[in-house]
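What's in work.cif: mmCIF, N, CA and C atoms
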```
data_my_file
#
loop_
_atom_site.group_PDB
_atom_site.id
_atom_site.type_symbol
_atom_site.label_atom_id
_atom_site.label_comp_id
_atom_site.auth_asym_id
_atom_site.auth_seq_id
_atom_site.Cartn_x
_atom_site.Cartn_y
_atom_site.Cartn_z
ATOM 1 N N MET U 131 -19.721 22.065 -46.038
ATOM 2 C CA MET U 131 -19.502 20.620 -46.070
ATOM 3 C C MET U 131 -18.011 20.309 -46.173
ATOM 4 N N LYS U 132 -17.297 21.055 -47.034
ATOM 5 C CA LYS U 132 -15.867 20.815 -47.186
ATOM 6 C C LYS U 132 -15.123 21.091 -45.881
ATOM 7 N N LYS U 133 -15.562 22.098 -45.129
ATOM 8 C CA LYS U 133 -14.920 22.406 -43.860
ATOM 9 C C LYS U 133 -15.093 21.255 -42.878
ATOM 10 N N VAL U 134 -16.252 20.662 -42.857
ATOM 11 C CA VAL U 134 -16.523 19.541 -41.947
ATOM 12 C C VAL U 134 -15.648 18.348 -42.318
ATOM 13 N N LEU U 135 -15.486 18.100 -43.597
ATOM 14 C CA LEU U 135 -14.657 16.990 -44.035
ATOM 15 C C LEU U 135 -13.186 17.215 -43.675
ATOM 16 N N PHE U 136 -12.773 18.462 -43.582
ATOM 17 C CA PHE U 136 -11.409 18.764 -43.180
ATOM 18 C C PHE U 136 -11.255 18.685 -41.661
ATOM 19 N N VAL U 137 -12.245 19.139 -40.934
ATOM 20 C CA VAL U 137 -12.174 19.222 -39.476
ATOM 21 C C VAL U 137 -12.224 17.839 -38.832
ATOM 22 N N ILE U 138 -13.018 16.941 -39.329
ATOM 23 C CA ILE U 138 -13.153 15.609 -38.714
ATOM 24 C C ILE U 138 -11.820 14.859 -38.695
ATOM 25 N N PRO U 139 -11.111 14.720 -39.814
ATOM 26 C CA PRO U 139 -9.819 14.024 -39.751
ATOM 27 C C PRO U 139 -8.807 14.757 -38.866
ATOM 28 N N PHE U 140 -8.859 16.082 -38.889
ATOM 29 C CA PHE U 140 -7.953 16.859 -38.049
ATOM 30 C C PHE U 140 -8.209 16.576 -36.571
ATOM 31 N N CYS U 141 -9.454 16.521 -36.161
ATOM 32 C CA CYS U 141 -9.809 16.223 -34.764
ATOM 33 C C CYS U 141 -9.387 14.803 -34.382
ATOM 34 N N LEU U 142 -9.570 13.873 -35.278
ATOM 35 C CA LEU U 142 -9.161 12.497 -34.999
ATOM 36 C C LEU U 142 -7.647 12.399 -34.847
ATOM 37 N N LEU U 143 -6.923 13.116 -35.689
ATOM 38 C CA LEU U 143 -5.469 13.134 -35.602
ATOM 39 C C LEU U 143 -5.027 13.778 -34.285
ATOM 40 N N LEU U 144 -5.638 14.857 -33.930
ATOM 41 C CA LEU U 144 -5.319 15.537 -32.682
ATOM 42 C C LEU U 144 -5.593 14.630 -31.484
ATOM 43 N N ALA U 145 -6.702 13.928 -31.490
ATOM 44 C CA ALA U 145 -7.053 13.024 -30.388
ATOM 45 C C ALA U 145 -6.055 11.879 -30.263
ATOM 46 N N ALA U 146 -5.517 11.444 -31.375
ATOM 47 C CA ALA U 146 -4.564 10.337 -31.352
ATOM 48 C C ALA U 146 -3.258 10.724 -30.672
ATOM 49 N N PHE U 147 -2.909 11.994 -30.666
ATOM 50 C CA PHE U 147 -1.657 12.440 -30.084
ATOM 51 C C PHE U 147 -1.831 13.212 -28.783
ATOM 52 N N THR U 148 -3.013 13.162 -28.202
ATOM 53 C CA THR U 148 -3.241 13.814 -26.925
ATOM 54 C C THR U 148 -2.610 12.975 -25.834
ATOM 55 N N PRO U 149 -1.720 13.566 -25.039
ATOM 56 C CA PRO U 149 -1.075 12.776 -23.987
ATOM 57 C C PRO U 149 -2.091 12.331 -22.948
ATOM 58 N N THR U 150 -1.887 11.147 -22.458
ATOM 59 C CA THR U 150 -2.762 10.615 -21.416
ATOM 60 C C THR U 150 -1.914 10.298 -20.201
ATOM 61 N N GLN U 151 -2.531 10.305 -19.068
ATOM 62 C CA GLN U 151 -1.848 9.967 -17.825
ATOM 63 C C GLN U 151 -1.652 8.457 -17.796
ATOM 64 N N PRO U 152 -0.404 7.980 -17.598
ATOM 65 C CA PRO U 152 -0.209 6.543 -17.538
ATOM 66 C C PRO U 152 -0.935 5.955 -16.332
ATOM 67 N N ALA U 153 -1.421 4.754 -16.509
ATOM 68 C CA ALA U 153 -2.127 4.091 -15.422
ATOM 69 C C ALA U 153 -1.147 3.756 -14.313
ATOM 70 N N ALA U 154 -1.597 3.906 -13.087
ATOM 71 C CA ALA U 154 -0.745 3.567 -11.946
ATOM 72 C C ALA U 154 -0.509 2.064 -11.938
ATOM 73 N N ASP U 155 0.678 1.683 -11.543
ATOM 74 C CA ASP U 155 1.006 0.265 -11.472
ATOM 75 C C ASP U 155 0.299 -0.333 -10.263
ATOM 76 N N PRO U 156 -0.524 -1.345 -10.467
ATOM 77 C CA PRO U 156 -1.311 -1.893 -9.351
ATOM 78 C C PRO U 156 -0.474 -2.573 -8.276
ATOM 79 N N THR U 157 0.797 -2.875 -8.552
ATOM 80 C CA THR U 157 1.604 -3.544 -7.544
ATOM 81 C C THR U 157 2.269 -2.559 -6.589
ATOM 82 N N ILE U 158 2.126 -1.273 -6.847
ATOM 83 C CA ILE U 158 2.708 -0.265 -5.964
ATOM 84 C C ILE U 158 1.584 0.367 -5.142
ATOM 85 N N PRO U 159 1.629 0.214 -3.824
ATOM 86 C CA PRO U 159 0.609 0.864 -2.991
ATOM 87 C C PRO U 159 0.650 2.380 -3.187
ATOM 88 N N ALA U 160 -0.496 3.014 -3.092
ATOM 89 C CA ALA U 160 -0.605 4.454 -3.358
ATOM 90 C C ALA U 160 0.362 5.269 -2.503
ATOM 91 N N GLU U 161 0.504 4.922 -1.235
ATOM 92 C CA GLU U 161 1.394 5.684 -0.350
ATOM 93 C C GLU U 161 2.854 5.585 -0.819
ATOM 94 N N VAL U 162 3.263 4.386 -1.211
ATOM 95 C CA VAL U 162 4.636 4.186 -1.691
ATOM 96 C C VAL U 162 4.814 4.867 -3.041
ATOM 97 N N GLU U 163 3.841 4.736 -3.915
ATOM 98 C CA GLU U 163 3.938 5.373 -5.232
ATOM 99 C C GLU U 163 4.076 6.885 -5.095
ATOM 100 N N SER U 164 3.378 7.448 -4.142
ATOM 101 C CA SER U 164 3.480 8.874 -3.882
ATOM 102 C C SER U 164 4.911 9.255 -3.484
ATOM 103 N N LEU U 165 5.536 8.440 -2.645
ATOM 104 C CA LEU U 165 6.915 8.699 -2.230
ATOM 105 C C LEU U 165 7.884 8.525 -3.400
ATOM 106 N N LEU U 166 7.671 7.495 -4.208
ATOM 107 C CA LEU U 166 8.541 7.253 -5.361
ATOM 108 C C LEU U 166 8.495 8.421 -6.336
ATOM 109 N N ASN U 167 7.334 9.005 -6.490
ATOM 110 C CA ASN U 167 7.191 10.172 -7.357
ATOM 111 C C ASN U 167 7.782 11.420 -6.701
ATOM 112 N N LYS U 168 7.531 11.588 -5.417
ATOM 113 C CA LYS U 168 7.999 12.766 -4.681
ATOM 114 C C LYS U 168 9.523 12.890 -4.716
ATOM 115 N N TYR U 169 10.213 11.767 -4.551
ATOM 116 C CA TYR U 169 11.671 11.798 -4.478
ATOM 117 C C TYR U 169 12.356 11.487 -5.813
ATOM 118 N N GLY U 170 11.585 11.362 -6.874
ATOM 119 C CA GLY U 170 12.150 11.186 -8.207
ATOM 120 C C GLY U 170 12.544 9.760 -8.557
ATOM 121 N N CYS U 171 12.236 8.807 -7.700
ATOM 122 C CA CYS U 171 12.601 7.402 -7.951
ATOM 123 C C CYS U 171 11.942 6.872 -9.225
ATOM 124 N N ALA U 172 10.677 7.269 -9.420
ATOM 125 C CA ALA U 172 9.910 6.766 -10.563
ATOM 126 C C ALA U 172 10.432 7.288 -11.896
ATOM 127 N N ALA U 173 11.295 8.286 -11.862
ATOM 128 C CA ALA U 173 11.875 8.790 -13.109
ATOM 129 C C ALA U 173 12.865 7.792 -13.703
ATOM 130 N N CYS U 174 13.447 6.949 -12.855
ATOM 131 C CA CYS U 174 14.475 6.008 -13.323
ATOM 132 C C CYS U 174 14.115 4.537 -13.121
ATOM 133 N N HIS U 175 13.102 4.260 -12.298
ATOM 134 C CA HIS U 175 12.737 2.873 -11.991
ATOM 135 C C HIS U 175 11.255 2.638 -12.258
ATOM 136 N N SER U 176 10.926 1.402 -12.595
ATOM 137 C CA SER U 176 9.548 0.998 -12.863
ATOM 138 C C SER U 176 9.395 -0.469 -12.477
ATOM 139 N N VAL U 177 8.186 -0.896 -12.248
ATOM 140 C CA VAL U 177 7.946 -2.314 -11.973
ATOM 141 C C VAL U 177 7.965 -3.110 -13.266
ATOM 142 N N SER U 178 7.397 -2.534 -14.316
ATOM 143 C CA SER U 178 7.146 -3.306 -15.525
ATOM 144 C C SER U 178 8.186 -3.177 -16.633
ATOM 145 N N ARG U 179 9.072 -2.179 -16.543
ATOM 146 C CA ARG U 179 10.024 -2.048 -17.642
ATOM 147 C C ARG U 179 11.354 -1.489 -17.158
ATOM 148 N N LYS U 180 12.399 -1.901 -17.849
ATOM 149 C CA LYS U 180 13.740 -1.391 -17.572
ATOM 150 C C LYS U 180 13.805 0.047 -18.056
ATOM 151 N N MET U 181 14.344 0.901 -17.211
ATOM 152 C CA MET U 181 14.484 2.304 -17.578
ATOM 153 C C MET U 181 15.954 2.678 -17.393
ATOM 154 N N ILE U 182 16.207 3.832 -16.857
ATOM 155 C CA ILE U 182 17.584 4.247 -16.578
ATOM 156 C C ILE U 182 18.185 3.350 -15.509
ATOM 157 N N GLY U 183 17.364 3.026 -14.524
ATOM 158 C CA GLY U 183 17.781 2.119 -13.454
ATOM 159 C C GLY U 183 17.064 0.792 -13.583
ATOM 160 N N PRO U 184 17.440 -0.172 -12.753
ATOM 161 C CA PRO U 184 16.793 -1.490 -12.826
ATOM 162 C C PRO U 184 15.329 -1.433 -12.395
ATOM 163 N N LYS U 185 14.565 -2.430 -12.851
ATOM 164 C CA LYS U 185 13.163 -2.535 -12.451
ATOM 165 C C LYS U 185 13.099 -2.781 -10.946
ATOM 166 N N TRP U 186 11.995 -2.365 -10.344
ATOM 167 C CA TRP U 186 11.809 -2.613 -8.909
ATOM 168 C C TRP U 186 11.897 -4.103 -8.604
ATOM 169 N N THR U 187 11.369 -4.921 -9.487
ATOM 170 C CA THR U 187 11.396 -6.366 -9.246
ATOM 171 C C THR U 187 12.817 -6.916 -9.294
ATOM 172 N N GLU U 188 13.682 -6.320 -10.108
ATOM 173 C CA GLU U 188 15.092 -6.735 -10.151
ATOM 174 C C GLU U 188 15.784 -6.390 -8.834
ATOM 175 N N ILE U 189 15.469 -5.220 -8.313
ATOM 176 C CA ILE U 189 16.057 -4.801 -7.039
ATOM 177 C C ILE U 189 15.584 -5.735 -5.934
ATOM 178 N N ALA U 190 14.294 -6.020 -5.912
ATOM 179 C CA ALA U 190 13.736 -6.907 -4.888
ATOM 180 C C ALA U 190 14.355 -8.303 -4.971
ATOM 181 N N ALA U 191 14.632 -8.756 -6.187
ATOM 182 C CA ALA U 191 15.185 -10.102 -6.382
ATOM 183 C C ALA U 191 16.595 -10.247 -5.813
ATOM 184 N N LYS U 192 17.277 -9.142 -5.571
ATOM 185 C CA LYS U 192 18.620 -9.200 -4.985
ATOM 186 C C LYS U 192 18.584 -9.710 -3.539
ATOM 187 N N GLY U 193 17.426 -9.617 -2.902
ATOM 188 C CA GLY U 193 17.292 -10.124 -1.540
ATOM 189 C C GLY U 193 17.920 -9.236 -0.476
ATOM 190 N N TYR U 194 18.069 -7.944 -0.761
ATOM 191 C CA TYR U 194 18.615 -7.021 0.224
ATOM 192 C C TYR U 194 17.685 -6.912 1.432
ATOM 193 N N THR U 195 18.252 -6.631 2.582
ATOM 194 C CA THR U 195 17.434 -6.343 3.770
ATOM 195 C C THR U 195 16.932 -4.912 3.656
ATOM 196 N N GLN U 196 15.949 -4.597 4.457
ATOM 197 C CA GLN U 196 15.412 -3.239 4.461
ATOM 198 C C GLN U 196 16.516 -2.244 4.840
ATOM 199 N N LYS U 197 17.319 -2.588 5.822
ATOM 200 C CA LYS U 197 18.415 -1.713 6.261
ATOM 201 C C LYS U 197 19.405 -1.473 5.118
ATOM 202 N N ARG U 198 19.716 -2.527 4.378
ATOM 203 C CA ARG U 198 20.678 -2.414 3.269
ATOM 204 C C ARG U 198 20.121 -1.536 2.144
ATOM 205 N N ILE U 199 18.846 -1.661 1.856
ATOM 206 C CA ILE U 199 18.230 -0.829 0.813
ATOM 207 C C ILE U 199 18.311 0.638 1.211
ATOM 208 N N VAL U 200 18.019 0.932 2.465
ATOM 209 C CA VAL U 200 18.113 2.312 2.954
ATOM 210 C C VAL U 200 19.543 2.826 2.777
ATOM 211 N N GLN U 201 20.523 2.008 3.133
ATOM 212 C CA GLN U 201 21.928 2.404 2.969
ATOM 213 C C GLN U 201 22.246 2.696 1.503
ATOM 214 N N LEU U 202 21.767 1.833 0.612
ATOM 215 C CA LEU U 202 22.071 1.996 -0.811
ATOM 216 C C LEU U 202 21.353 3.186 -1.442
ATOM 217 N N ILE U 203 20.223 3.577 -0.890
ATOM 218 C CA ILE U 203 19.543 4.773 -1.399
ATOM 219 C C ILE U 203 20.320 6.012 -0.961
ATOM 220 N N LYS U 204 20.749 6.010 0.295
ATOM 221 C CA LYS U 204 21.494 7.163 0.814
ATOM 222 C C LYS U 204 22.875 7.280 0.184
ATOM 223 N N LYS U 205 23.512 6.135 -0.042
ATOM 224 C CA LYS U 205 24.863 6.129 -0.610
ATOM 225 C C LYS U 205 24.984 4.931 -1.563
ATOM 226 N N PRO U 206 24.580 5.103 -2.818
ATOM 227 C CA PRO U 206 24.603 3.998 -3.794
ATOM 228 C C PRO U 206 26.015 3.458 -4.035
ATOM 229 N N GLU U 207 26.066 2.187 -4.368
ATOM 230 C CA GLU U 207 27.317 1.527 -4.738
ATOM 231 C C GLU U 207 27.156 1.012 -6.163
ATOM 232 N N PRO U 208 27.666 1.748 -7.140
ATOM 233 C CA PRO U 208 27.454 1.402 -8.556
ATOM 234 C C PRO U 208 27.881 -0.013 -8.929
ATOM 235 N N ASN U 209 28.854 -0.583 -8.219
ATOM 236 C CA ASN U 209 29.294 -1.941 -8.559
ATOM 237 C C ASN U 209 28.215 -2.986 -8.321
ATOM 238 N N ASN U 210 27.153 -2.651 -7.579
ATOM 239 C CA ASN U 210 26.035 -3.581 -7.372
ATOM 240 C C ASN U 210 25.180 -3.735 -8.628
ATOM 241 N N TRP U 211 25.245 -2.751 -9.525
ATOM 242 C CA TRP U 211 24.391 -2.748 -10.714
ATOM 243 C C TRP U 211 25.196 -2.436 -11.968
ATOM 244 N N PRO U 212 26.065 -3.358 -12.387
ATOM 245 C CA PRO U 212 26.813 -3.106 -13.626
ATOM 246 C C PRO U 212 25.850 -2.994 -14.812
ATOM 247 N N GLY U 213 26.189 -2.131 -15.723
ATOM 248 C CA GLY U 213 25.339 -1.940 -16.900
ATOM 249 C C GLY U 213 24.323 -0.829 -16.727
ATOM 250 N N TYR U 214 24.258 -0.254 -15.542
ATOM 251 C CA TYR U 214 23.358 0.871 -15.283
ATOM 252 C C TYR U 214 24.203 2.073 -14.879
ATOM 253 N N PRO U 215 23.733 3.287 -15.199
ATOM 254 C CA PRO U 215 24.449 4.468 -14.723
ATOM 255 C C PRO U 215 24.392 4.531 -13.197
ATOM 256 N N ALA U 216 25.370 5.156 -12.599
ATOM 257 C CA ALA U 216 25.385 5.291 -11.148
ATOM 258 C C ALA U 216 24.199 6.129 -10.677
ATOM 259 N N MET U 217 23.555 5.659 -9.636
ATOM 260 C CA MET U 217 22.424 6.381 -9.061
ATOM 261 C C MET U 217 22.947 7.544 -8.220
ATOM 262 N N ALA U 218 22.245 8.653 -8.248
ATOM 263 C CA ALA U 218 22.593 9.790 -7.399
ATOM 264 C C ALA U 218 22.218 9.460 -5.958
ATOM 265 N N ALA U 219 23.070 9.824 -5.045
ATOM 266 C CA ALA U 219 22.788 9.603 -3.621
ATOM 267 C C ALA U 219 21.572 10.426 -3.207
ATOM 268 N N GLN U 220 20.808 9.886 -2.277
ATOM 269 C CA GLN U 220 19.601 10.547 -1.789
ATOM 270 C C GLN U 220 19.679 10.736 -0.265
ATOM 271 N N PRO U 221 20.656 11.500 0.220
ATOM 272 C CA PRO U 221 20.842 11.623 1.665
ATOM 273 C C PRO U 221 19.783 12.459 2.379
ATOM 274 N N THR U 222 18.979 13.215 1.643
ATOM 275 C CA THR U 222 18.007 14.096 2.287
ATOM 276 C C THR U 222 16.615 13.488 2.442
ATOM 277 N N VAL U 223 16.407 12.281 1.937
ATOM 278 C CA VAL U 223 15.103 11.632 2.074
ATOM 279 C C VAL U 223 14.939 11.231 3.543
ATOM 280 N N PRO U 224 13.818 11.626 4.164
ATOM 281 C CA PRO U 224 13.613 11.290 5.576
ATOM 282 C C PRO U 224 13.627 9.777 5.818
ATOM 283 N N LYS U 225 14.138 9.392 6.974
ATOM 284 C CA LYS U 225 14.270 7.977 7.340
ATOM 285 C C LYS U 225 12.925 7.261 7.280
ATOM 286 N N ALA U 226 11.883 7.893 7.741
ATOM 287 C CA ALA U 226 10.556 7.252 7.734
ATOM 288 C C ALA U 226 10.120 6.923 6.306
ATOM 289 N N ASP U 227 10.382 7.820 5.372
ATOM 290 C CA ASP U 227 10.019 7.579 3.973
ATOM 291 C C ASP U 227 10.899 6.489 3.360
ATOM 292 N N LEU U 228 12.189 6.517 3.694
ATOM 293 C CA LEU U 228 13.092 5.470 3.213
ATOM 294 C C LEU U 228 12.640 4.100 3.715
ATOM 295 N N ASP U 229 12.218 4.042 4.962
ATOM 296 C CA ASP U 229 11.760 2.769 5.534
ATOM 297 C C ASP U 229 10.514 2.246 4.817
ATOM 298 N N LYS U 230 9.607 3.145 4.453
ATOM 299 C CA LYS U 230 8.395 2.722 3.733
ATOM 300 C C LYS U 230 8.758 2.167 2.354
ATOM 301 N N ILE U 231 9.641 2.872 1.649
ATOM 302 C CA ILE U 231 10.057 2.429 0.320
ATOM 303 C C ILE U 231 10.811 1.096 0.415
ATOM 304 N N ALA U 232 11.770 1.032 1.335
ATOM 305 C CA ALA U 232 12.574 -0.193 1.497
ATOM 306 C C ALA U 232 11.715 -1.369 1.959
ATOM 307 N N GLY U 233 10.778 -1.108 2.847
ATOM 308 C CA GLY U 233 9.890 -2.186 3.306
ATOM 309 C C GLY U 233 9.062 -2.748 2.168
ATOM 310 N N TRP U 234 8.594 -1.877 1.298
ATOM 311 C CA TRP U 234 7.818 -2.332 0.134
ATOM 312 C C TRP U 234 8.703 -3.158 -0.788
ATOM 313 N N LEU U 235 9.944 -2.708 -1.019
ATOM 314 C CA LEU U 235 10.851 -3.446 -1.892
ATOM 315 C C LEU U 235 11.175 -4.837 -1.337
ATOM 316 N N VAL U 236 11.370 -4.932 -0.041
ATOM 317 C CA VAL U 236 11.674 -6.221 0.584
ATOM 318 C C VAL U 236 10.499 -7.181 0.408
ATOM 319 N N ALA U 237 9.284 -6.644 0.493
ATOM 320 C CA ALA U 237 8.090 -7.490 0.373
ATOM 321 C C ALA U 237 7.689 -7.780 -1.072
ATOM 322 N N LEU U 238 8.263 -7.043 -2.031
ATOM 323 C CA LEU U 238 7.891 -7.198 -3.442
ATOM 324 C C LEU U 238 8.353 -8.545 -3.980
ATOM 325 N N LYS U 239 7.479 -9.184 -4.697
ATOM 326 C CA LYS U 239 7.810 -10.508 -5.298
ATOM 327 C C LYS U 239 7.975 -10.349 -6.790
#
```
Any chance you could put this one into structure tokens?
Amino acid sequence: MKKVLFVIPFCLLLAAFTPTQPAADPTIPAEVESLLNKYGCAACHSVSRKMIGPKWTEIAAKGYTQKRIVQLIKKPEPNNWPGYPAMAAQPTVPKADLDKIAGWLVALK
């Protein structure tokens, strides 16, 4: 009986600290989210919260064209985002993938 009384709280404590997979953001289409994860974008950007980089909605609010977003991903200009660390250039991301990401950002409200 004493063992059971010890094991139950221990199991509850363990369950409370078990990592869970964060829910996917419903505003990011699965195909785009896959690209954001593949190229490491999601490590610094999010729709719902400020992280290392600006939120996706902040980027979209700048009103950049799709072409301009592609340029800024390939060769970031830190002066566009004061208060954030400079983004690493992403020159190896294929153009087709950049276009999908940039197109989503342009359409994001």
Any chance you could resolve the PyMOL selection byres ((chain U and resi 235) around 8) against this file and give the residues as a PyMOL selection string? chain U and resi 186-187+189-191+194-196+229-234+236-239
For atom CA of U:Lys205 and atom CA of U:Ala219, determine how far apart the two atoms are, in Å to one decimal place.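 These atoms are spaced 5.0 Å apart.
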Atom C of U:Pro224 to atom C of U:Lys197, straight-line distance in Å: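 Separation between atom C of U:Lys197 and atom C of U:Pro224: 12.7 Å.
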Ranking U:Gly193, U:Glu188, U:Gln201, U:Gly183 by minimum distance to U:Gly170 and counting only C-alpha atoms, which one comes first? U:Gly183
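Separating atom CA of U:Leu166 from atom CA of U:Pro206 is a distance of 16.5 Å.
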Using the chain letters and numbers from the file, which residues does the PyMOL selection byres (((chain U and resi 210-218 and name CA) around 10) and name CA) grab, as a list in words? Cys171, Cys174, Met181, Ile182, Gly183, Pro184, Ile189, Lys192, Leu202, Ile203, Lys204, Lys205, Pro206, Glu207, Pro208, Asn209, Ala219, Gln220 and Pro221 of chain U
Residues matched by the PyMOL selection byres (((chain U and resi 158 and name CA) around 10) and name CA) as number ranges by chain: U: 154-157, 159-164, 166, 176-177, 186, 234-235, 238
Which centre and edge lengths in Å to one decimal define the box along x, y and z that fits every listed atom of stretch 156-171 of chain U plus 3 Å per side, as AutoDock Vina command-line options?
```
--center_x 5.6 --center_y 4.7 --center_z -5.4 --size_x 19.9 --size_y 22.4 --size_z 16.1
```
